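This is data.cif. It holds mmCIF, C-alpha atoms.
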```cif
data_structure
#
loop_
_atom_site.label_atom_id
_atom_site.label_comp_id
_atom_site.auth_asym_id
_atom_site.auth_seq_id
_atom_site.Cartn_x
_atom_site.Cartn_y
_atom_site.Cartn_z
CA MET A 79 -3.21 22.91 22.78
CA SER A 80 -4.37 19.32 22.99
CA VAL A 81 -1.97 16.43 23.43
CA PRO A 82 -1.50 14.80 20.01
CA ILE A 83 -2.83 11.30 19.45
CA LEU A 84 0.05 9.22 18.08
CA TRP A 85 -0.28 6.40 15.59
CA GLU A 86 2.14 4.55 13.34
CA SER A 87 1.26 3.68 9.76
CA SER A 88 3.36 0.90 8.28
CA SER A 89 2.20 1.39 4.68
CA ALA A 90 0.51 3.73 2.22
CA GLU A 91 -2.59 1.54 2.55
CA GLU A 92 -2.73 2.16 6.30
CA THR A 93 -2.31 5.90 5.73
CA GLN A 94 -5.16 5.68 3.22
CA ALA A 95 -7.30 3.93 5.85
CA LEU A 96 -6.69 6.92 8.14
CA GLY A 97 -7.73 9.28 5.33
CA ALA A 98 -10.94 7.34 4.72
CA ALA A 99 -11.76 7.48 8.43
CA LEU A 100 -11.07 11.22 8.59
CA ALA A 101 -13.36 11.82 5.59
CA GLY A 102 -16.21 10.41 7.65
CA VAL A 103 -15.86 13.02 10.41
CA VAL A 104 -15.20 16.26 8.51
CA GLY A 105 -17.40 18.21 6.17
CA PRO A 106 -18.15 21.47 4.37
CA GLY A 107 -16.52 24.49 6.01
CA ASP A 108 -13.99 22.37 7.93
CA LEU A 109 -10.25 22.93 7.67
CA VAL A 110 -7.75 20.07 7.83
CA ILE A 111 -4.07 20.98 8.18
CA LEU A 112 -1.39 18.55 6.95
CA ARG A 113 2.20 19.04 8.10
CA GLY A 114 5.32 17.01 7.45
CA ASP A 115 8.49 16.81 5.46
CA LEU A 116 8.61 16.16 1.73
CA GLY A 117 7.48 12.62 1.00
CA ALA A 118 5.94 12.11 4.44
CA GLY A 119 2.52 11.19 3.03
CA LYS A 120 0.54 14.43 3.06
CA THR A 121 -0.74 14.02 -0.50
CA THR A 122 -1.39 10.30 0.03
CA LEU A 123 -3.60 11.24 2.97
CA ALA A 124 -5.34 14.05 1.03
CA ARG A 125 -5.95 11.67 -1.89
CA ALA A 126 -7.49 9.07 0.46
CA ILE A 127 -9.81 11.70 1.96
CA ALA A 128 -10.82 12.75 -1.56
CA ARG A 129 -11.55 9.16 -2.61
CA ALA A 130 -13.65 8.58 0.49
CA LEU A 131 -15.61 11.75 -0.36
CA GLY A 132 -16.41 10.32 -3.79
CA VAL A 133 -13.89 12.29 -5.85
CA THR A 134 -13.26 10.29 -9.02
CA GLU A 135 -10.78 12.69 -10.68
CA HIS A 136 -7.04 12.10 -10.46
CA VAL A 137 -5.93 13.83 -7.23
CA THR A 138 -2.43 15.25 -7.24
CA SER A 139 -0.48 17.63 -5.07
CA PRO A 140 -1.35 21.12 -6.34
CA THR A 141 2.20 22.36 -5.74
CA PHE A 142 2.34 24.40 -8.94
CA ALA A 143 -1.36 25.23 -9.29
CA LEU A 144 -1.44 26.05 -5.52
CA ALA A 145 -5.09 25.03 -5.20
CA GLN A 146 -7.37 22.46 -6.77
CA ARG A 147 -11.10 22.02 -6.25
CA TYR A 148 -12.70 18.60 -6.62
CA LEU A 149 -16.34 17.62 -6.72
CA GLY A 150 -17.51 14.73 -4.59
CA VAL A 151 -20.25 14.07 -2.07
CA VAL A 152 -18.57 16.95 -0.24
CA PRO A 153 -16.59 19.41 -2.42
CA LEU A 154 -12.88 19.41 -1.62
CA LEU A 155 -10.49 22.36 -1.81
CA HIS A 156 -6.89 21.09 -1.72
CA ILE A 157 -4.18 23.73 -1.23
CA ASP A 158 -0.43 23.12 -1.30
CA ALA A 159 1.40 26.21 -0.04
CA TYR A 160 4.91 24.74 -0.39
CA ARG A 161 6.01 27.28 -3.03
CA LEU A 162 4.65 30.31 -1.15
CA ARG A 163 6.47 32.56 1.28
CA GLY A 164 3.58 34.47 2.81
CA VAL A 165 0.38 35.80 1.29
CA ASP A 166 -1.58 39.01 1.68
CA ASP A 167 -5.30 39.14 2.41
CA GLU A 168 -6.26 39.30 -1.26
CA GLU A 169 -4.12 36.30 -2.19
CA LEU A 170 -5.46 34.33 0.76
CA GLY A 171 -9.00 35.20 -0.31
CA LEU A 172 -8.29 33.88 -3.80
CA LEU A 173 -6.79 30.65 -2.44
CA LEU A 174 -9.71 30.08 -0.09
CA ASP A 175 -12.39 31.03 -2.61
CA GLY A 176 -15.20 28.51 -2.23
CA ALA A 177 -13.93 27.14 1.09
CA ALA A 178 -17.20 27.84 2.90
CA ASP A 179 -19.02 25.00 1.10
CA ALA A 180 -16.05 22.64 0.84
CA LEU A 181 -13.76 20.63 3.03
CA THR A 182 -10.43 22.48 2.84
CA ILE A 183 -7.12 20.63 3.16
CA ILE A 184 -3.95 22.71 3.36
CA GLU A 185 -0.48 21.21 3.00
CA TRP A 186 2.43 23.37 4.21
CA PRO A 187 0.17 25.91 5.99
CA GLU A 188 3.17 27.57 7.66
CA HIS A 189 4.23 28.86 4.23
CA LEU A 190 1.11 31.02 4.07
CA GLY A 191 2.40 33.15 6.94
CA VAL A 192 -1.11 33.90 8.22
CA ASP A 193 -3.30 32.75 11.08
CA LEU A 194 -5.86 30.33 9.66
CA GLY A 195 -7.83 30.13 12.90
CA SER A 196 -8.58 26.80 14.55
CA PRO A 197 -8.53 23.93 12.09
CA ARG A 198 -10.94 21.06 12.73
CA VAL A 199 -8.05 18.57 12.45
CA VAL A 200 -4.26 18.86 12.36
CA VAL A 201 -2.26 15.90 11.05
CA GLU A 202 1.52 15.80 11.34
CA LEU A 203 3.33 13.07 9.43
CA GLY A 204 6.93 12.05 9.91
CA HIS A 205 9.20 9.51 8.27
CA GLY A 206 9.64 6.43 10.41
CA GLY A 207 11.98 4.45 8.14
CA GLY A 208 10.97 2.51 5.06
CA ASP A 209 7.23 2.77 4.49
CA ARG A 210 6.55 3.65 8.14
CA ARG A 211 4.95 7.00 8.89
CA LEU A 212 4.61 8.43 12.36
CA VAL A 213 1.34 10.30 12.63
CA ALA A 214 0.18 12.82 15.24
CA LEU A 215 -3.46 13.89 15.14
CA SER A 216 -4.88 16.77 17.13
CA SER A 217 -7.80 19.14 17.38
CA GLU A 218 -8.51 22.07 19.64
CA MET A 219 -12.15 21.01 19.59
CA HIS A 220 -12.74 18.63 22.50
CA ASP A 221 -15.41 16.61 20.68
CA MET A 222 -13.21 16.18 17.60
CA HIS A 223 -10.19 15.22 19.69
CA ALA A 224 -12.27 12.40 21.18
CA VAL A 225 -13.36 11.32 17.68
CA LEU A 226 -9.72 11.25 16.56
CA ALA A 227 -8.85 9.08 19.56
CA ASP A 228 -11.63 6.68 18.54
CA ILE A 229 -10.35 6.57 14.94
CA VAL A 230 -6.83 5.74 16.12
CA ALA A 231 -8.13 3.09 18.52
CA ASP A 232 -10.01 1.49 15.63
CA LEU A 233 -6.95 1.62 13.36
CA ARG A 234 -4.85 0.04 16.11
CA THR A 235 -7.26 -2.90 16.36
CA ARG A 236 -6.96 -3.48 12.61
CA HIS A 237 -3.19 -3.07 12.16
CA ILE A 238 -0.25 -4.83 13.78
CA HIS A 239 2.26 -1.95 13.88
CA ALA A 240 -0.02 0.64 15.36
CA GLU A 241 1.83 2.10 18.35
CA PRO A 242 4.95 4.24 17.79
CA GLU A 243 7.96 3.39 19.87
CA PRO A 244 8.90 5.95 22.57
CA GLY A 245 10.99 8.71 21.04
CA ASP A 246 10.03 7.78 17.45
CA TYR A 247 7.90 10.82 16.72
CA PRO A 248 9.96 13.66 15.22
CA GLU A 249 10.26 16.80 17.38
#
```

Let me see the structure of the file written as structure tokens.
Amino acid sequence: MSVPILWESSSAEETQALGAALAGVVGPGDLVILRGDLGAGKTTLARAIARALGVTEHVTSPTFALAQRYLGVVPLLHIDAYRLRGVDDEELGLLLDGAADALTIIEWPEHLGVDLGSPRVVVELGHGGGDRRLVALSSEMHDMHAVLADIVADLRTRHIHAEPEPGDYPE
């Protein structure tokens, strides 16, 4: 597993800037995993990715619908597995229907109880107090990990509070 790239967002706008940057490096067939506690910013990040992909519809967390598909420059499949406690192969197939031609974002992937393979990007968000969010980005793909490092370096040059303090990131 790669060492996560740490970054601190001090506002929803900074988290949205991360989402816009991520939208530029992922595409159809890619899987993005979002992890974090309730209210940590997973849906804010997913919404920012959607906007950057040209989605004009209102983007919400599909907690009750489980999955929502949006049309943009790249189709987006947004899954929120919070209410699930494991799925069988048929249910997973239904959730992931159309994922091959879309960017797929899954919130709460651990609730699916299945191996999703190697996601292109994993984003873990943690509360940092107030509007601060502690973000860890990783990818098992060496080329993508380097791209993520470049994105964070760029965000750090544009934002004052860009480096988490030692010990800030939740275990």

Exercise for the section: Measuring atom to atom with only C-alpha atoms, identify which of A:Pro187, A:Gly206, A:Gly119, A:Pro153 is nearest to Thr93 of chain A. Expected result: A:Gly119

Exercise for the section: Would you please work out which residue, of A:Val199, A:Leu112, A:Ala178, A:Leu96, is nearest to Leu155 of chain A when using all atoms listed in the file? Expected result: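 For Leu155 of chain A, the nearest of the candidates is A:Ala178.
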
Fill in the blank from the handout: The residue from A:Asp158, A:Glu86, A:Glu218, A:Asp108 with the smallest atom-to-atom distance to Ala177 of chain A, counting all atoms listed in the file, is A:Asp108

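The spacing separating atom CA of Asp115 of chain A from atom CA of Ile229 of chain A amounts to 23.4 Å.
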
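Minimum distance to Arg129 of chain A across A:Leu203, A:Leu233, A:Leu100, A:Ile111 (counting only C-alpha atoms) occurs at A:Leu100.
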
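Proximity of A:Ala130, A:Val200, A:Val137, A:Leu149 to Val110 of chain A, computed with all atoms listed in the file, is greatest for A:Val200.
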
Practice task
Name the residues in contact with Gly204 of chain A at a cut-off of 6 Å, using all atoms listed in the file, excluding same-chain residues fewer than 2 positions from it; report them as an NGL selection string.
Solution key: :A and (114 or 118 or 211-212)

Those same residues - C-alpha atoms - I'd like them written as a short mmCIF file (atom, residue, chain, number, x, y, z; two decimals), in the frame of the given file.
```cif
data_model
loop_
_atom_site.label_atom_id
_atom_site.label_comp_id
_atom_site.auth_asym_id
_atom_site.auth_seq_id
_atom_site.Cartn_x
_atom_site.Cartn_y
_atom_site.Cartn_z
CA GLY A 114 5.32 17.01 7.45
CA ALA A 118 5.94 12.11 4.44
CA ARG A 211 4.95 7.00 8.89
CA LEU A 212 4.61 8.43 12.36
#
```

Practice task
Using only C-alpha atoms, find the one residue out of A:Gly150, A:Gly132, A:Gly207, A:Gly102 that sits nearest to Met222 of chain A.
Solution key: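 So, comparing all the options, the nearest one is A:Gly102.
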
Problem - Contacts of Asp179 of chain A at 9 Å (only C-alpha atoms; same-chain gap of 2+ positions) as a list in words - result: Gly105, Pro106, Gly107, Asp108, Val152, Pro153, Leu154, Gly176, Ala177 and Leu181 of chain A

Practice task
Pull out every residue that the PyMOL selection byres ((chain A and resi 90-92) around 8) matches in the shown coordinates and put them as a ChimeraX atom specification.
Solution key: /A:87-89,93-96,119,122,209,237

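One finds atom CA of Ala124 of chain A at 14.1 Å from atom CA of Val103 of chain A.
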
Generate the coordinates of N, CA and C atoms for segment 125-151 of chain A; report them as a PDB file, in the frame of the given file.
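Wrote it out as selection37.pdb, contents follow:
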```pdb
ATOM      1  N   ARG A 125      -5.350  12.475  -0.819  1.00  0.00           N
ATOM      2  CA  ARG A 125      -5.950  11.670  -1.890  1.00  0.00           C
ATOM      3  C   ARG A 125      -6.946  10.657  -1.310  1.00  0.00           C
ATOM      4  N   ALA A 126      -6.599  10.045  -0.180  1.00  0.00           N
ATOM      5  CA  ALA A 126      -7.490   9.070   0.460  1.00  0.00           C
ATOM      6  C   ALA A 126      -8.762   9.749   0.969  1.00  0.00           C
ATOM      7  N   ILE A 127      -8.628  10.944   1.523  1.00  0.00           N
ATOM      8  CA  ILE A 127      -9.810  11.700   1.960  1.00  0.00           C
ATOM      9  C   ILE A 127     -10.692  11.994   0.750  1.00  0.00           C
ATOM     10  N   ALA A 128     -10.062  12.440  -0.336  1.00  0.00           N
ATOM     11  CA  ALA A 128     -10.820  12.750  -1.560  1.00  0.00           C
ATOM     12  C   ALA A 128     -11.572  11.532  -2.070  1.00  0.00           C
ATOM     13  N   ARG A 129     -10.905  10.400  -2.134  1.00  0.00           N
ATOM     14  CA  ARG A 129     -11.550   9.160  -2.610  1.00  0.00           C
ATOM     15  C   ARG A 129     -12.753   8.796  -1.746  1.00  0.00           C
ATOM     16  N   ALA A 130     -12.573   8.920  -0.431  1.00  0.00           N
ATOM     17  CA  ALA A 130     -13.650   8.580   0.490  1.00  0.00           C
ATOM     18  C   ALA A 130     -14.825   9.560   0.372  1.00  0.00           C
ATOM     19  N   LEU A 131     -14.552  10.754  -0.133  1.00  0.00           N
ATOM     20  CA  LEU A 131     -15.610  11.750  -0.360  1.00  0.00           C
ATOM     21  C   LEU A 131     -16.251  11.589  -1.737  1.00  0.00           C
ATOM     22  N   GLY A 132     -15.813  10.585  -2.484  1.00  0.00           N
ATOM     23  CA  GLY A 132     -16.410  10.320  -3.790  1.00  0.00           C
ATOM     24  C   GLY A 132     -15.773  11.041  -4.956  1.00  0.00           C
ATOM     25  N   VAL A 133     -14.600  11.630  -4.743  1.00  0.00           N
ATOM     26  CA  VAL A 133     -13.890  12.290  -5.850  1.00  0.00           C
ATOM     27  C   VAL A 133     -13.350  11.207  -6.770  1.00  0.00           C
ATOM     28  N   THR A 134     -13.702  11.293  -8.051  1.00  0.00           N
ATOM     29  CA  THR A 134     -13.260  10.290  -9.020  1.00  0.00           C
ATOM     30  C   THR A 134     -12.116  10.798  -9.894  1.00  0.00           C
ATOM     31  N   GLU A 135     -11.879  12.108  -9.892  1.00  0.00           N
ATOM     32  CA  GLU A 135     -10.780  12.690 -10.680  1.00  0.00           C
ATOM     33  C   GLU A 135      -9.435  12.249 -10.099  1.00  0.00           C
ATOM     34  N   HIS A 136      -8.402  12.365 -10.925  1.00  0.00           N
ATOM     35  CA  HIS A 136      -7.040  12.100 -10.460  1.00  0.00           C
ATOM     36  C   HIS A 136      -6.666  13.215  -9.479  1.00  0.00           C
ATOM     37  N   VAL A 137      -6.281  12.870  -8.267  1.00  0.00           N
ATOM     38  CA  VAL A 137      -5.930  13.830  -7.230  1.00  0.00           C
ATOM     39  C   VAL A 137      -4.415  13.877  -7.113  1.00  0.00           C
ATOM     40  N   THR A 138      -3.874  15.063  -7.333  1.00  0.00           N
ATOM     41  CA  THR A 138      -2.430  15.250  -7.240  1.00  0.00           C
ATOM     42  C   THR A 138      -2.131  16.374  -6.264  1.00  0.00           C
ATOM     43  N   SER A 139      -0.882  16.508  -5.900  1.00  0.00           N
ATOM     44  CA  SER A 139      -0.480  17.630  -5.070  1.00  0.00           C
ATOM     45  C   SER A 139      -0.506  18.890  -5.927  1.00  0.00           C
ATOM     46  N   PRO A 140      -1.268  19.906  -5.516  1.00  0.00           N
ATOM     47  CA  PRO A 140      -1.350  21.120  -6.340  1.00  0.00           C
ATOM     48  C   PRO A 140      -0.184  22.077  -6.099  1.00  0.00           C
ATOM     49  N   THR A 141       1.030  21.547  -6.042  1.00  0.00           N
ATOM     50  CA  THR A 141       2.200  22.360  -5.740  1.00  0.00           C
ATOM     51  C   THR A 141       2.360  23.534  -6.695  1.00  0.00           C
ATOM     52  N   PHE A 142       2.152  23.318  -7.980  1.00  0.00           N
ATOM     53  CA  PHE A 142       2.340  24.400  -8.940  1.00  0.00           C
ATOM     54  C   PHE A 142       1.065  25.177  -9.201  1.00  0.00           C
ATOM     55  N   ALA A 143      -0.086  24.542  -9.113  1.00  0.00           N
ATOM     56  CA  ALA A 143      -1.360  25.230  -9.290  1.00  0.00           C
ATOM     57  C   ALA A 143      -1.767  25.934  -7.992  1.00  0.00           C
ATOM     58  N   LEU A 144      -1.180  25.562  -6.881  1.00  0.00           N
ATOM     59  CA  LEU A 144      -1.440  26.050  -5.520  1.00  0.00           C
ATOM     60  C   LEU A 144      -2.733  25.526  -4.927  1.00  0.00           C
ATOM     61  N   ALA A 145      -3.803  25.498  -5.721  1.00  0.00           N
ATOM     62  CA  ALA A 145      -5.090  25.030  -5.200  1.00  0.00           C
ATOM     63  C   ALA A 145      -5.835  24.272  -6.280  1.00  0.00           C
ATOM     64  N   GLN A 146      -6.551  23.254  -5.852  1.00  0.00           N
ATOM     65  CA  GLN A 146      -7.370  22.460  -6.770  1.00  0.00           C
ATOM     66  C   GLN A 146      -8.685  22.169  -6.077  1.00  0.00           C
ATOM     67  N   ARG A 147      -9.779  22.330  -6.796  1.00  0.00           N
ATOM     68  CA  ARG A 147     -11.100  22.020  -6.250  1.00  0.00           C
ATOM     69  C   ARG A 147     -11.624  20.766  -6.928  1.00  0.00           C
ATOM     70  N   TYR A 148     -12.157  19.869  -6.119  1.00  0.00           N
ATOM     71  CA  TYR A 148     -12.700  18.600  -6.620  1.00  0.00           C
ATOM     72  C   TYR A 148     -14.156  18.486  -6.192  1.00  0.00           C
ATOM     73  N   LEU A 149     -14.942  17.857  -7.042  1.00  0.00           N
ATOM     74  CA  LEU A 149     -16.340  17.620  -6.720  1.00  0.00           C
ATOM     75  C   LEU A 149     -16.520  16.187  -6.265  1.00  0.00           C
ATOM     76  N   GLY A 150     -17.185  16.039  -5.143  1.00  0.00           N
ATOM     77  CA  GLY A 150     -17.510  14.730  -4.590  1.00  0.00           C
ATOM     78  C   GLY A 150     -18.795  14.886  -3.800  1.00  0.00           C
ATOM     79  N   VAL A 151     -19.094  13.943  -2.946  1.00  0.00           N
ATOM     80  CA  VAL A 151     -20.250  14.070  -2.070  1.00  0.00           C
ATOM     81  C   VAL A 151     -20.134  15.366  -1.280  1.00  0.00           C
TER      82      VAL A 151
END
```
